[in-house]
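So the structure is just underneath, and the comments pick up after that.
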Amino acid sequence: MTKVLITGTFDIIHPGHLHLINQAKKLGDFLTVVIARDQNVVKIKGREPFYNEHQRLANLQLLALADSVILGGLDDPYEVIRKEEPDIIALGYDQQVFVNGLIEFRNNSAAHFKIERLEAFKEDICKGKNIRKAIEDSQAGFLLINKEGDWTSHDVVAKLRSILKIKQIGHTGTLDPFATGLLICAVGNATKMVGLFDLLPKTYQATIKLGQTSDTFDRTGEISKFQNPISPALPGQAKEISNSNLQEILSSFLGKQEQLPPMYSAKKINGKKLYDLARQGIEVARKLCEIEIYSIKLLNFNSDLLKIEVQCSAGTYIRVLAHDFGQKLGTGALLQELKRTAIGGFNLSSAVSLNTLTSQNFSGQQIAPLPALELINRQYLGR
């Protein structure tokens, strides 16, 4: 049996911790997680942890990610190695404390263990200090907004700033102006956590119109009829297309793939938004982005319109999916309607309209940072 040991503070658990522990677990057959003691955390970081050592121990035990979760030694950092006798010690990608002297300890003792450095995971968004700032901000939280059509995501944020009289407001992921549905907005220091929502799958209901294409890949652009020398244009062909044929083509988009961001998008290249360049008639080279389609199913098909439900990774353009679908079908297609119904475990059914919010009642509609983080963790773990 290969025994693996990993140490750390493991204070406010976030996906970075979960990924680290899962990496360590794959190195052997039995994983022990060692929780740093409070007084040692204070010595190292200059401040007390958010949770005391017994709470941190209980929180990690509750997640049941490791075979054993124990408290570290108070005075001797290598006491736990002597006791547990691990075959492998897994170190965080940036871990320094406990590392100094580790090789010397191994060379001058009967211990025989390998040292494995773990890979970084989303270190730009999985920052404990930022999450702690959000949790300690009594004003911070997340609002689930049911965005109406013809509003940009920035419009919603600007309106919220006006209603709540708070400047520090952002959102966790843009919705196109013509799209409707769930837009999660962050208030106060909750804005420091918005990147975590990119780890969650997003669910959309989309209506696709066959037989037409547009330069924006949706109904807001310059529309033209699709002409294919092999396959005649709709509506004549629509009657011959079966639900099973549609679902078969839809299913071909499942899995990881590379998608080219459209020119009409808010993505920036060299500091310039693509749609600003597109409106000037300028097209620039774009890099393919890796996305993943987790599920895609046909909800309804009538004449030249089909309605689908898609669950996908952040960064997926449903407009591009609609366009590519039309190319595979041989009819051409554009995105007619789009509604986001969920981001991970955050659902449109719990969202509120902007016109119902006031500076007096918004706090009652907010999801506090800590419950939001717990929901993100559960989604990340697939629970």
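Residues are referred to by chain and number: the chain letter is A, B, ... according to the order shown in the structure tokens, the number counts from 1 in that chain, and ligands are numbered separately from 1 in the order shown.
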
Query - For Leu200 (chain A): contacts at 8 Å, only C-alpha atoms, fewer than 5 positions along chain excluded, given as a ChimeraX atom specification - result: /A:313-314,343-344,376,379-380

File dump, residues just selected, C-alpha atoms, as a CSV table (one decimal), in the first residue's frame:
```csv
chain,number,residue,atom,x,y,z
A,313,SER,CA,-18.7,24.9,-19.8
A,314,ALA,CA,-18.1,28.6,-19.3
A,343,ILE,CA,-25.3,28.2,-13.5
A,344,GLY,CA,-24.3,25.2,-11.6
A,376,ILE,CA,-19.8,25.8,-5.8
A,379,GLN,CA,-21.0,21.3,-7.8
A,380,TYR,CA,-17.3,20.9,-8.3
```

Query raised in the report: Residues at most 6 Å from Arg117 (chain A), counting only C-alpha atoms, excluding those fewer than 3 positions away in the same chain, as a list in words?
Result: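 Within the cut-off, the hits are Ala90, Leu91 and Tyr93 of chain A.
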
Atoms kept (C-alpha atoms) for selection, written as a short mmCIF file (atom, residue, chain, number, x, y, z; two decimals), in the first residue's frame:
```cif
data_model
loop_
_atom_site.label_atom_id
_atom_site.label_comp_id
_atom_site.auth_asym_id
_atom_site.auth_seq_id
_atom_site.Cartn_x
_atom_site.Cartn_y
_atom_site.Cartn_z
CA ALA A 90 2.62 15.83 -1.74
CA LEU A 91 3.39 19.54 -1.71
CA TYR A 93 2.63 24.11 -6.15
#
```

Query raised in the report: So which residues touch region 315-328 of chain A within 7 Å, counting only C-alpha atoms, skipping near sequence neighbours fewer than 6 positions away, as a list in words?
Result: Ile208, Leu210, Phe217, Asp218, Pro262, Ile291, Leu334 and Leu335 of chain A

Report task. If you run DSSP over the backbone, which residues in region 164-354 of chain A end up helix (DSSP H, G or I)? Put them as a PyMOL selection string. Result -> chain A and resi 164+188-199+238-240+243-251+274-279+318-329+348-350+354

Same residues, C-alpha atoms, saved as a JSON list (two decimals), in the first residue's frame:
```json
[["chain", "number", "residue", "atom", "x", "y", "z"],
["A", 164, "LEU", "CA", -28.54, 49.78, -4.22],
["A", 188, "GLY", "CA", -19.35, 44.33, -2.43],
["A", 189, "ASN", "CA", -16.32, 42.10, -1.94],
["A", 190, "ALA", "CA", -18.26, 39.19, -3.41],
["A", 191, "THR", "CA", -16.86, 40.56, -6.69],
["A", 192, "LYS", "CA", -13.56, 38.95, -5.64],
["A", 193, "MET", "CA", -15.22, 35.53, -6.05],
["A", 194, "VAL", "CA", -16.78, 35.93, -9.50],
["A", 195, "GLY", "CA", -14.11, 33.83, -11.21],
["A", 196, "LEU", "CA", -15.16, 30.76, -9.22],
["A", 197, "PHE", "CA", -18.43, 30.65, -11.18],
["A", 198, "ASP", "CA", -16.44, 29.85, -14.34],
["A", 199, "LEU", "CA", -15.90, 26.40, -12.84],
["A", 238, "ALA", "CA", -37.84, 20.94, -43.01],
["A", 239, "LYS", "CA", -40.69, 18.47, -43.37],
["A", 240, "GLU", "CA", -38.21, 15.73, -44.23],
["A", 243, "ASN", "CA", -36.36, 14.30, -34.63],
["A", 244, "SER", "CA", -33.94, 11.37, -34.50],
["A", 245, "ASN", "CA", -31.84, 12.94, -37.26],
["A", 246, "LEU", "CA", -31.73, 16.23, -35.37],
["A", 247, "GLN", "CA", -30.80, 14.58, -32.09],
["A", 248, "GLU", "CA", -28.07, 12.55, -33.80],
["A", 249, "ILE", "CA", -26.46, 15.73, -35.14],
["A", 250, "LEU", "CA", -26.89, 17.52, -31.81],
["A", 251, "SER", "CA", -25.21, 14.63, -30.01],
["A", 274, "LEU", "CA", -14.17, 42.00, -31.08],
["A", 275, "TYR", "CA", -17.63, 43.41, -31.75],
["A", 276, "ASP", "CA", -16.18, 46.94, -31.99],
["A", 277, "LEU", "CA", -13.78, 45.72, -34.67],
["A", 278, "ALA", "CA", -16.53, 43.75, -36.43],
["A", 279, "ARG", "CA", -18.72, 46.86, -36.66],
["A", 318, "ILE", "CA", -24.38, 29.04, -28.15],
["A", 319, "ARG", "CA", -24.55, 31.26, -31.24],
["A", 320, "VAL", "CA", -21.55, 29.43, -32.67],
["A", 321, "LEU", "CA", -23.11, 26.10, -31.73],
["A", 322, "ALA", "CA", -26.30, 27.05, -33.61],
["A", 323, "HIS", "CA", -24.31, 28.12, -36.67],
["A", 324, "ASP", "CA", -22.18, 24.95, -36.67],
["A", 325, "PHE", "CA", -25.30, 22.82, -36.22],
["A", 326, "GLY", "CA", -26.83, 24.41, -39.31],
["A", 327, "GLN", "CA", -23.69, 23.70, -41.30],
["A", 328, "LYS", "CA", -23.76, 20.02, -40.29],
["A", 329, "LEU", "CA", -27.46, 19.73, -41.03],
["A", 348, "LEU", "CA", -33.43, 30.87, -12.81],
["A", 349, "SER", "CA", -36.44, 29.78, -10.72],
["A", 350, "SER", "CA", -34.83, 31.56, -7.74],
["A", 354, "LEU", "CA", -34.66, 44.22, -11.30]]
```

If we count only C-alpha atoms and set the cut-off at 12 Å, which residues sit around Glu123 (chain A), ignoring sequence neighbours fewer than 6 positions away in its own chain? Please answer as a PDB file with N, CA and C atoms, in the first residue's frame.
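The resulting part.pdb:
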```
ATOM      1  N   HIS A  14     -12.070  25.756  -0.741  1.00  0.00           N
ATOM      2  CA  HIS A  14     -12.520  26.199  -2.060  1.00  0.00           C
ATOM      3  C   HIS A  14     -12.058  25.180  -3.100  1.00  0.00           C
ATOM      4  N   PRO A  15     -12.473  25.321  -4.369  1.00  0.00           N
ATOM      5  CA  PRO A  15     -12.112  24.322  -5.380  1.00  0.00           C
ATOM      6  C   PRO A  15     -10.617  24.094  -5.548  1.00  0.00           C
ATOM      7  N   GLY A  16      -9.797  25.103  -5.260  1.00  0.00           N
ATOM      8  CA  GLY A  16      -8.359  24.914  -5.325  1.00  0.00           C
ATOM      9  C   GLY A  16      -7.894  23.848  -4.350  1.00  0.00           C
ATOM     10  N   HIS A  17      -8.437  23.878  -3.121  1.00  0.00           N
ATOM     11  CA  HIS A  17      -8.122  22.842  -2.136  1.00  0.00           C
ATOM     12  C   HIS A  17      -8.608  21.473  -2.611  1.00  0.00           C
ATOM     13  N   HIS A  19      -9.151  20.345  -5.579  1.00  0.00           N
ATOM     14  CA  HIS A  19      -8.336  19.838  -6.680  1.00  0.00           C
ATOM     15  C   HIS A  19      -6.999  19.329  -6.161  1.00  0.00           C
ATOM     16  N   LEU A  20      -6.406  20.059  -5.228  1.00  0.00           N
ATOM     17  CA  LEU A  20      -5.124  19.683  -4.652  1.00  0.00           C
ATOM     18  C   LEU A  20      -5.227  18.315  -3.961  1.00  0.00           C
ATOM     19  N   GLY A  92       1.969  21.433  -2.176  1.00  0.00           N
ATOM     20  CA  GLY A  92       1.287  22.381  -3.041  1.00  0.00           C
ATOM     21  C   GLY A  92       2.267  23.047  -3.990  1.00  0.00           C
ATOM     22  N   TYR A  93       1.752  23.547  -5.114  1.00  0.00           N
ATOM     23  CA  TYR A  93       2.626  24.112  -6.146  1.00  0.00           C
ATOM     24  C   TYR A  93       3.457  25.284  -5.633  1.00  0.00           C
ATOM     25  N   ASP A  94       2.946  25.999  -4.605  1.00  0.00           N
ATOM     26  CA  ASP A  94       3.678  27.154  -4.075  1.00  0.00           C
ATOM     27  C   ASP A  94       4.013  26.992  -2.595  1.00  0.00           C
ATOM     28  N   LYS A 129      -7.374  34.449   0.421  1.00  0.00           N
ATOM     29  CA  LYS A 129      -7.471  35.788   1.027  1.00  0.00           C
ATOM     30  C   LYS A 129      -8.608  36.596   0.409  1.00  0.00           C
ATOM     31  N   ASN A 130      -8.841  36.426  -0.887  1.00  0.00           N
ATOM     32  CA  ASN A 130      -9.942  37.133  -1.540  1.00  0.00           C
ATOM     33  C   ASN A 130     -11.294  36.597  -1.077  1.00  0.00           C
ATOM     34  N   GLY A 195     -14.794  34.799 -10.374  1.00  0.00           N
ATOM     35  CA  GLY A 195     -14.110  33.831 -11.211  1.00  0.00           C
ATOM     36  C   GLY A 195     -14.434  32.389 -10.883  1.00  0.00           C
ATOM     37  N   LEU A 196     -14.828  32.123  -9.631  1.00  0.00           N
ATOM     38  CA  LEU A 196     -15.161  30.762  -9.224  1.00  0.00           C
ATOM     39  C   LEU A 196     -16.355  30.208  -9.998  1.00  0.00           C
TER      40      LEU A 196
END
```

Fewer than 5 positions away in the same chain doesn't count, so skip those; otherwise give me all residues within 7 Å of region 65-80 of chain A, counting only C-alpha atoms, as a PDB file with C-alpha atoms, in the first residue's frame.
```pdb
ATOM      1  CA  PHE A  30      -4.146   5.883   1.382  1.00  0.00           C
ATOM      2  CA  LEU A  31      -4.239   9.662   1.837  1.00  0.00           C
ATOM      3  CA  THR A  32      -3.635  11.504   5.094  1.00  0.00           C
ATOM      4  CA  VAL A  33      -4.333  15.238   5.263  1.00  0.00           C
ATOM      5  CA  VAL A  34      -2.525  17.108   8.035  1.00  0.00           C
ATOM      6  CA  ILE A  35      -4.153  20.308   9.324  1.00  0.00           C
ATOM      7  CA  ALA A  36      -1.810  23.066  10.490  1.00  0.00           C
ATOM      8  CA  ARG A  37      -2.258  24.122  14.124  1.00  0.00           C
ATOM      9  CA  LEU A  57     -10.455  19.455  10.981  1.00  0.00           C
ATOM     10  CA  PHE A  98       7.254  22.663   5.989  1.00  0.00           C
TER      11      PHE A  98
END
```

Query - All residues 9 Å or closer to Gln365 (chain A), only C-alpha atoms, same chain fewer than 6 positions away omitted, as a PyMOL selection string - result: chain A and resi 142-144+351-352+357

**Report entry** Residue among A:Ile145, A:Ile89, A:Cys289, A:Leu338 lying closest to Arg219 (chain A), counting only C-alpha atoms
**Finding:** A:Leu338

Report task. Quick one: pull the distance between CA of Glu337 (chain A) and CA of Gln205 (chain A), Å, one decimal. Result -> 8.2 Å

Requested in this report: Measuring atom to atom with only C-alpha atoms, identify which of A:Asp215, A:Asp304, A:Glu290, A:Asp137 is nearest to Ser242 (chain A).
Outcome: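 Of A:Asp215, A:Asp304, A:Glu290, A:Asp137, the one nearest Ser242 (chain A), counting only C-alpha atoms, is A:Asp304.
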
Query raised in the report: Taking the backbone alone, and naming residues the way the document does, which bits of region 9-234 of chain A are strand (DSSP E) by DSSP, as a VMD selection string?
Result: chain A and resid 30 to 35 68 to 71 88 to 91 114 to 117 141 to 147 169 to 171 180 to 187 202 to 210 212 to 214 223 to 225

Restricting it to C-alpha atoms, dump the selection as a compact mmCIF listing (two decimals), in the first residue's frame.
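As written to disk, out08.txt reads:
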```txt
# COMPACT_ATOMS: atom_id res chain seq x y z
CA PHE A 30 -4.15 5.88 1.38
CA LEU A 31 -4.24 9.66 1.84
CA THR A 32 -3.63 11.50 5.09
CA VAL A 33 -4.33 15.24 5.26
CA VAL A 34 -2.53 17.11 8.03
CA ILE A 35 -4.15 20.31 9.32
CA SER A 68 -7.49 10.26 7.37
CA VAL A 69 -7.55 13.89 8.51
CA ILE A 70 -5.40 14.78 11.52
CA LEU A 71 -3.90 17.77 13.32
CA ILE A 88 4.97 10.12 -0.69
CA ILE A 89 4.69 13.67 0.61
CA ALA A 90 2.62 15.83 -1.74
CA LEU A 91 3.39 19.54 -1.71
CA LYS A 114 9.30 10.73 -2.31
CA ILE A 115 8.43 14.40 -2.63
CA GLU A 116 5.85 15.25 -5.29
CA ARG A 117 4.93 18.79 -6.29
CA GLY A 141 -23.45 38.68 -1.55
CA PHE A 142 -24.79 37.39 -4.86
CA LEU A 143 -28.06 38.41 -6.49
CA LEU A 144 -29.74 36.07 -8.97
CA ILE A 145 -31.22 38.39 -11.58
CA ASN A 146 -33.75 37.40 -14.23
CA LYS A 147 -32.39 39.50 -17.09
CA ILE A 169 -21.01 45.45 -8.23
CA GLY A 170 -20.10 43.04 -11.01
CA HIS A 171 -21.43 39.92 -12.72
CA THR A 180 -32.74 36.45 -21.24
CA GLY A 181 -32.48 34.50 -18.04
CA LEU A 182 -30.08 34.06 -15.17
CA LEU A 183 -27.42 36.68 -14.56
CA ILE A 184 -25.59 36.35 -11.24
CA CYS A 185 -24.44 39.71 -9.89
CA ALA A 186 -21.90 40.14 -7.10
CA VAL A 187 -22.20 42.92 -4.52
CA LYS A 202 -24.13 26.62 -17.55
CA THR A 203 -27.52 25.54 -18.80
CA TYR A 204 -29.36 27.22 -21.67
CA GLN A 205 -32.59 26.80 -23.58
CA ALA A 206 -32.10 27.93 -27.15
CA THR A 207 -34.38 28.29 -30.15
CA ILE A 208 -32.61 27.73 -33.47
CA LYS A 209 -34.04 28.85 -36.81
CA LEU A 210 -33.12 26.73 -39.82
CA GLN A 212 -31.05 31.27 -42.50
CA THR A 213 -27.62 32.52 -41.47
CA SER A 214 -26.37 35.85 -40.15
CA ILE A 223 -29.71 37.80 -42.13
CA SER A 224 -29.50 35.92 -45.41
CA LYS A 225 -31.01 32.73 -46.78
```

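Straight-line separation from CA of Tyr51 (chain A) to CA of Asp11 (chain A): 6.1 Å.
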